[in-house]
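Colleague: Just coords_20.csv, nothing more (CSV, C-alpha atoms):
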chain,number,residue,atom,x,y,z
A,1,MET,CA,-91.5,-37.0,70.0
A,2,LYS,CA,-90.0,-38.2,66.7
A,3,HIS,CA,-86.3,-37.5,66.3
A,4,LEU,CA,-84.0,-38.1,63.3
A,5,VAL,CA,-80.3,-38.3,64.2
A,6,LEU,CA,-77.9,-38.0,61.3
A,7,GLY,CA,-74.1,-38.3,61.2
A,8,GLY,CA,-71.2,-40.0,59.5
A,9,VAL,CA,-69.3,-43.2,60.4
A,10,ARG,CA,-68.1,-43.0,64.0
A,11,SER,CA,-69.6,-39.5,64.5
A,12,GLY,CA,-71.1,-40.3,67.8
A,13,LYS,CA,-74.7,-40.5,66.4
A,14,SER,CA,-75.5,-43.8,68.0
A,15,ALA,CA,-74.4,-42.8,71.5
A,16,PHE,CA,-76.4,-39.5,71.2
A,17,ALA,CA,-79.5,-41.3,69.9
A,18,GLN,CA,-79.4,-43.8,72.7
A,19,GLU,CA,-79.1,-41.0,75.3
A,20,GLN,CA,-82.2,-39.3,73.7
A,21,ILE,CA,-84.4,-42.4,73.8
A,22,ALA,CA,-83.3,-43.4,77.3
A,23,ALA,CA,-84.4,-39.9,78.5
A,24,SER,CA,-88.0,-40.7,77.5
A,25,GLY,CA,-88.3,-42.8,80.7
A,26,LYS,CA,-90.4,-45.3,78.8
A,27,PRO,CA,-89.6,-49.0,78.0
A,28,VAL,CA,-87.2,-49.0,75.1
A,29,CYS,CA,-87.1,-51.3,72.1
A,30,TYR,CA,-84.0,-51.2,70.0
A,31,VAL,CA,-84.7,-52.1,66.3
A,32,ALA,CA,-81.5,-53.2,64.6
A,33,THR,CA,-81.4,-53.4,60.8
A,34,SER,CA,-77.8,-54.7,60.3
A,35,GLN,CA,-76.9,-58.1,58.9
A,36,VAL,CA,-73.6,-59.7,59.8
A,37,TRP,CA,-71.7,-60.5,56.7
A,38,ASP,CA,-68.1,-60.3,57.9
A,39,ASP,CA,-66.0,-60.1,61.1
A,40,ASP,CA,-65.8,-56.3,61.0
A,41,MET,CA,-69.6,-56.1,61.0
A,42,ALA,CA,-69.8,-58.7,63.8
A,43,ASP,CA,-67.4,-56.5,65.9
A,44,ARG,CA,-69.6,-53.4,65.2
A,45,VAL,CA,-72.8,-55.3,66.3
A,46,ARG,CA,-71.0,-56.5,69.4
A,47,GLN,CA,-69.9,-52.9,70.3
A,48,HIS,CA,-73.5,-51.7,69.9
A,49,LYS,CA,-74.8,-54.5,72.1
A,50,ASP,CA,-72.2,-53.7,74.8
A,51,ASN,CA,-73.1,-50.0,74.7
A,52,ARG,CA,-76.8,-50.2,75.3
A,53,PRO,CA,-78.7,-51.2,78.4
A,54,SER,CA,-79.4,-54.9,78.8
A,55,GLU,CA,-83.0,-54.3,79.8
A,56,TRP,CA,-83.9,-52.8,76.4
A,57,GLN,CA,-85.9,-55.1,74.1
A,58,LEU,CA,-84.1,-56.0,70.9
A,59,ILE,CA,-85.8,-56.7,67.5
A,60,GLU,CA,-83.5,-57.5,64.6
A,61,GLU,CA,-85.3,-56.7,61.3
A,62,PRO,CA,-83.2,-56.0,58.1
A,63,LEU,CA,-86.2,-55.3,55.8
A,64,ALA,CA,-89.7,-55.0,57.1
A,65,LEU,CA,-89.3,-52.0,59.4
A,66,ALA,CA,-92.8,-50.7,58.8
A,67,SER,CA,-94.3,-53.9,60.2
A,68,VAL,CA,-92.1,-53.7,63.3
A,69,LEU,CA,-93.0,-50.0,63.9
A,70,HIS,CA,-96.7,-50.8,63.6
A,71,SER,CA,-96.4,-53.6,66.1
A,72,LEU,CA,-94.7,-51.3,68.6
A,73,ASN,CA,-97.0,-48.3,68.0
A,74,SER,CA,-98.1,-47.1,71.4
A,75,PRO,CA,-97.9,-43.8,73.2
A,76,ASP,CA,-96.2,-45.7,76.1
A,77,GLN,CA,-93.4,-47.1,73.9
A,78,ALA,CA,-90.0,-45.7,73.1
A,79,VAL,CA,-88.2,-47.1,70.0
A,80,ILE,CA,-84.8,-46.5,68.5
A,81,VAL,CA,-84.2,-47.7,64.9
A,82,GLU,CA,-80.6,-48.1,63.8
A,83,CYS,CA,-79.9,-47.6,61.1
A,84,PHE,CA,-81.7,-46.5,58.0
A,85,THR,CA,-78.7,-46.6,55.7
A,86,LEU,CA,-78.1,-50.2,56.5
A,87,TRP,CA,-81.8,-50.9,55.9
A,88,MET,CA,-81.5,-49.2,52.6
A,89,THR,CA,-78.5,-51.3,51.7
A,90,ASN,CA,-80.4,-54.4,52.6
A,91,LEU,CA,-83.3,-53.4,50.3
A,92,LEU,CA,-81.0,-52.4,47.4
A,93,CYS,CA,-79.2,-55.7,47.6
A,94,LEU,CA,-82.4,-57.5,47.0
A,95,GLU,CA,-82.5,-56.1,43.5
A,96,ASP,CA,-86.3,-55.9,43.7
A,97,GLU,CA,-87.5,-52.5,42.7
A,98,THR,CA,-91.1,-53.2,43.7
A,99,ARG,CA,-90.2,-54.4,47.2
A,100,LEU,CA,-87.9,-51.4,47.6
A,101,GLU,CA,-90.6,-48.9,46.8
A,102,GLU,CA,-93.2,-50.7,48.9
A,103,GLU,CA,-91.0,-50.9,52.0
A,104,LYS,CA,-89.9,-47.2,51.7
A,105,GLN,CA,-93.5,-46.0,51.4
A,106,ALA,CA,-94.7,-48.3,54.2
A,107,LEU,CA,-91.9,-47.1,56.4
A,108,LEU,CA,-92.8,-43.4,55.9
A,109,ASN,CA,-96.4,-44.2,56.6
A,110,ALA,CA,-95.4,-46.0,59.8
A,111,VAL,CA,-93.2,-43.1,61.0
A,112,GLU,CA,-96.0,-40.6,60.3
A,113,VAL,CA,-98.6,-42.5,62.5
A,114,PHE,CA,-96.2,-43.6,65.2
A,115,GLU,CA,-97.5,-42.4,68.6
A,116,GLY,CA,-94.7,-43.2,71.0
A,117,ASP,CA,-91.2,-41.7,71.3
A,118,LEU,CA,-89.1,-42.6,68.2
A,119,VAL,CA,-85.5,-42.0,67.5
A,120,LEU,CA,-84.3,-42.8,64.0
A,121,VAL,CA,-80.6,-43.1,63.2
A,122,SER,CA,-79.3,-42.6,59.7
A,123,SER,CA,-75.9,-41.9,58.1
A,124,GLU,CA,-75.4,-38.7,56.2
A,125,VAL,CA,-73.8,-39.9,53.0
A,126,GLY,CA,-74.0,-36.7,51.0
A,127,LEU,CA,-70.9,-34.9,52.3
A,128,GLY,CA,-68.3,-36.8,50.4
A,129,ILE,CA,-67.2,-37.2,46.8
A,130,MET,CA,-69.4,-38.5,44.0
A,131,PRO,CA,-69.2,-42.3,44.1
A,132,MET,CA,-67.6,-43.9,41.1
A,133,ASN,CA,-70.1,-46.7,40.5
A,134,ALA,CA,-73.8,-46.9,39.7
A,135,LEU,CA,-74.8,-48.8,42.8
A,136,ALA,CA,-72.9,-46.4,45.2
A,137,ARG,CA,-74.5,-43.4,43.4
A,138,ARG,CA,-77.9,-45.0,43.7
A,139,PHE,CA,-77.3,-45.7,47.4
A,140,GLY,CA,-76.4,-42.1,48.0
A,141,ASP,CA,-79.5,-40.9,46.2
A,142,GLU,CA,-81.8,-43.3,48.0
A,143,ALA,CA,-80.3,-42.5,51.4
A,144,GLY,CA,-80.4,-38.8,50.9
A,145,THR,CA,-84.0,-38.9,49.6
A,146,MET,CA,-85.1,-41.0,52.6
A,147,ASN,CA,-83.3,-38.8,55.1
A,148,GLN,CA,-85.1,-35.7,53.6
A,149,ALA,CA,-88.5,-37.5,53.9
A,150,LEU,CA,-87.8,-38.6,57.4
A,151,ALA,CA,-86.7,-35.1,58.4
A,152,LYS,CA,-90.1,-33.8,57.2
A,153,LEU,CA,-91.9,-36.4,59.4
A,154,THR,CA,-90.0,-35.8,62.6
A,155,ASP,CA,-90.2,-33.1,65.2
A,156,ARG,CA,-86.4,-32.9,65.7
A,157,VAL,CA,-83.4,-33.5,63.5
A,158,THR,CA,-79.9,-33.5,64.9
A,159,PHE,CA,-76.6,-33.8,63.0
A,160,VAL,CA,-73.8,-35.3,65.0
A,161,ALA,CA,-70.1,-34.7,64.2
A,162,ALA,CA,-67.1,-35.5,66.4
A,163,GLY,CA,-69.6,-36.5,69.1
A,164,LEU,CA,-71.1,-33.0,69.1
A,165,PRO,CA,-74.8,-32.6,68.4
A,166,LEU,CA,-75.9,-29.8,66.0
A,167,PRO,CA,-79.7,-29.2,66.1
A,168,LEU,CA,-81.0,-28.8,62.5
A,169,LYS,CA,-84.7,-28.9,63.4
A,170,SER,CA,-86.3,-28.5,66.9
Using structure tokens, write down the structure from this file.
Modeller:
Amino acid sequence: MKHLVLGGVRSGKSAFAQEQIAASGKPVCYVATSQVWDDDMADRVRQHKDNRPSEWQLIEEPLALASVLHSLNSPDQAVIVECFTLWMTNLLCLEDETRLEEEKQALLNAVEVFEGDLVLVSSEVGLGIMPMNALARRFGDEAGTMNQALAKLTDRVTFVAAGLPLPLKS
């Protein structure tokens, strides 16, 4: 089962996604895309670590997600990836258009062929006001386009708001 979980900041999407992947009954690998640039992000990472089972394998990969998914591709594996919008930020900050396009396409291909249980977490960024600067607009465009592509490749899509899941595709 491939499942995309969307939501805003502090929407409850992470907790919901973790419940979904834990229910698979398979060994879980948590793939984290964040990079710690400041104290606030360090606190967020610490909270995520505290809120997931210690027996879950952890892989930290800010850029090469497709390679990680290919290495974990097995019907007996459960994987949660958190989160795609941080991954997109990491790629955009490289300021390397070729790498951005290569990683996006490789990731979509890896999701398409993944044989285990896969829960993908991404922020929904298209519900707010139009950003004032070019990079923020580009980020919103890239994240929105990636979320749409992932939604087409997954069996389920759930939007989480105020800790409540709203099925969009099942």
Colleague: Find the smallest box with edges along x, y and z containing every listed atom of stretch 21-40 of chain A, then add 6 Å on each side and report centre and edge lengths in Å to one decimal, as lines of an AutoDock Vina configuration file.
Modeller:
center_x = -78.1
center_y = -50.2
center_z = 68.7
size_x = 36.6
size_y = 32.6
size_z = 36.0
Colleague: Just want the 12 Å neighbourhood of A:Val9, counted on all atoms listed in the file, with same-chain residues fewer than 4 positions away dropped. Output as a PDB file with C-alpha atoms, in the frame of the given file.
Modeller:
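This went into result.pdb:
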ATOM      1  CA  LYS A  13     -74.700 -40.500  66.400  1.00  0.00           C
ATOM      2  CA  SER A  14     -75.500 -43.800  68.000  1.00  0.00           C
ATOM      3  CA  ARG A  44     -69.600 -53.400  65.200  1.00  0.00           C
ATOM      4  CA  CYS A  83     -79.900 -47.600  61.100  1.00  0.00           C
ATOM      5  CA  THR A  85     -78.700 -46.600  55.700  1.00  0.00           C
ATOM      6  CA  LEU A  86     -78.100 -50.200  56.500  1.00  0.00           C
ATOM      7  CA  VAL A 121     -80.600 -43.100  63.200  1.00  0.00           C
ATOM      8  CA  SER A 122     -79.300 -42.600  59.700  1.00  0.00           C
ATOM      9  CA  SER A 123     -75.900 -41.900  58.100  1.00  0.00           C
ATOM     10  CA  GLU A 124     -75.400 -38.700  56.200  1.00  0.00           C
ATOM     11  CA  VAL A 125     -73.800 -39.900  53.000  1.00  0.00           C
ATOM     12  CA  LEU A 127     -70.900 -34.900  52.300  1.00  0.00           C
ATOM     13  CA  GLY A 128     -68.300 -36.800  50.400  1.00  0.00           C
ATOM     14  CA  VAL A 160     -73.800 -35.300  65.000  1.00  0.00           C
ATOM     15  CA  ALA A 161     -70.100 -34.700  64.200  1.00  0.00           C
ATOM     16  CA  ALA A 162     -67.100 -35.500  66.400  1.00  0.00           C
ATOM     17  CA  GLY A 163     -69.600 -36.500  69.100  1.00  0.00           C
TER      18      GLY A 163
END
Colleague: Name the residues, using the chain letters and numbers of the file, that sit within 8 Å of (-79.7, -46.0, 48.0) when counting all atoms listed in the file, and give them as an MDAnalysis selection string.
Modeller: chainID A and resid 85 88:89 92 135:144
Colleague: Report, in Å with one decimal, the straight-line distance from atom CA of A:Glu112 to atom CA of A:Leu153.
Modeller: 5.9 Å
Colleague: Could you please determine the separation between atom CA of A:Leu65 and atom CA of A:Leu164 in Å, to one decimal place?
Modeller: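 Going from atom CA of A:Leu65 over to atom CA of A:Leu164, I get 28.0 Å.
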Colleague: Calculate how many Å separate atom CA of A:Phe84 from atom CA of A:Ala149, rounding to one decimal.
Modeller: 12.0 Å
Colleague: I'd like to know which of A:Asn73, A:Ser54, A:Ser11, A:Gln35 is closest to A:Cys93, using only C-alpha atoms.
Modeller: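 So, comparing all the options, the nearest one is A:Gln35.
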Colleague: Given the point (-93.5, -45.9, 68.4) in the file's coordinates, find the residues that have an atom at most 8 Å from it, counting all atoms listed in the file, and give them as a VMD selection string.
Modeller: chain A and resid 69 to 70 72 to 75 77 to 79 111 114 to 118
Colleague: Between A:Val36, A:Val28, A:Val68, A:Leu107, which residue has the minimum interatomic distance to A:Glu55, considering only C-alpha atoms?
Modeller: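 Comparing A:Val36, A:Val28, A:Val68, A:Leu107 against A:Glu55, the winner is A:Val28.
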Colleague: Which residue out of A:Arg46, A:Arg156, A:Lys104, A:Lys26 has the minimum interatomic distance to A:Leu6 when all atoms listed in the file are used?
Modeller: A:Arg156
Colleague: Between A:Val5, A:Leu58, A:Ala23, A:Leu91, which is the closest to A:Asp155 once you count all atoms listed in the file?
Modeller: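 Checking each of A:Val5, A:Leu58, A:Ala23, A:Leu91 against A:Asp155, counting all atoms listed in the file, the winner is A:Val5.
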Colleague: Identify which of the residues A:Leu94, A:Val119, A:Val113, A:Leu100 lies closest to A:Val31, counting all atoms listed in the file when measuring atom-to-atom distances.
Modeller: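 When distances to A:Val31 are compared using all atoms listed in the file, the smallest one comes from A:Val119.
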Colleague: Using only C-alpha atoms, which of the listed residues (A:Leu166, A:Leu4, A:Ala64, A:Val45) sits closest to A:Met146?
Modeller: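 Using only C-alpha atoms, the shortest distance to A:Met146 belongs to A:Leu4.
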Colleague: Do a neighbour search on A:Ala32 at 8 Å with all atoms listed in the file, toss out local chain neighbours closer than 4 positions, and write the hits as a list of chain:residue names.
Modeller: A:Leu58, A:Ile59, A:Glu60, A:Glu61, A:Pro62, A:Val81, A:Glu82, A:Cys83
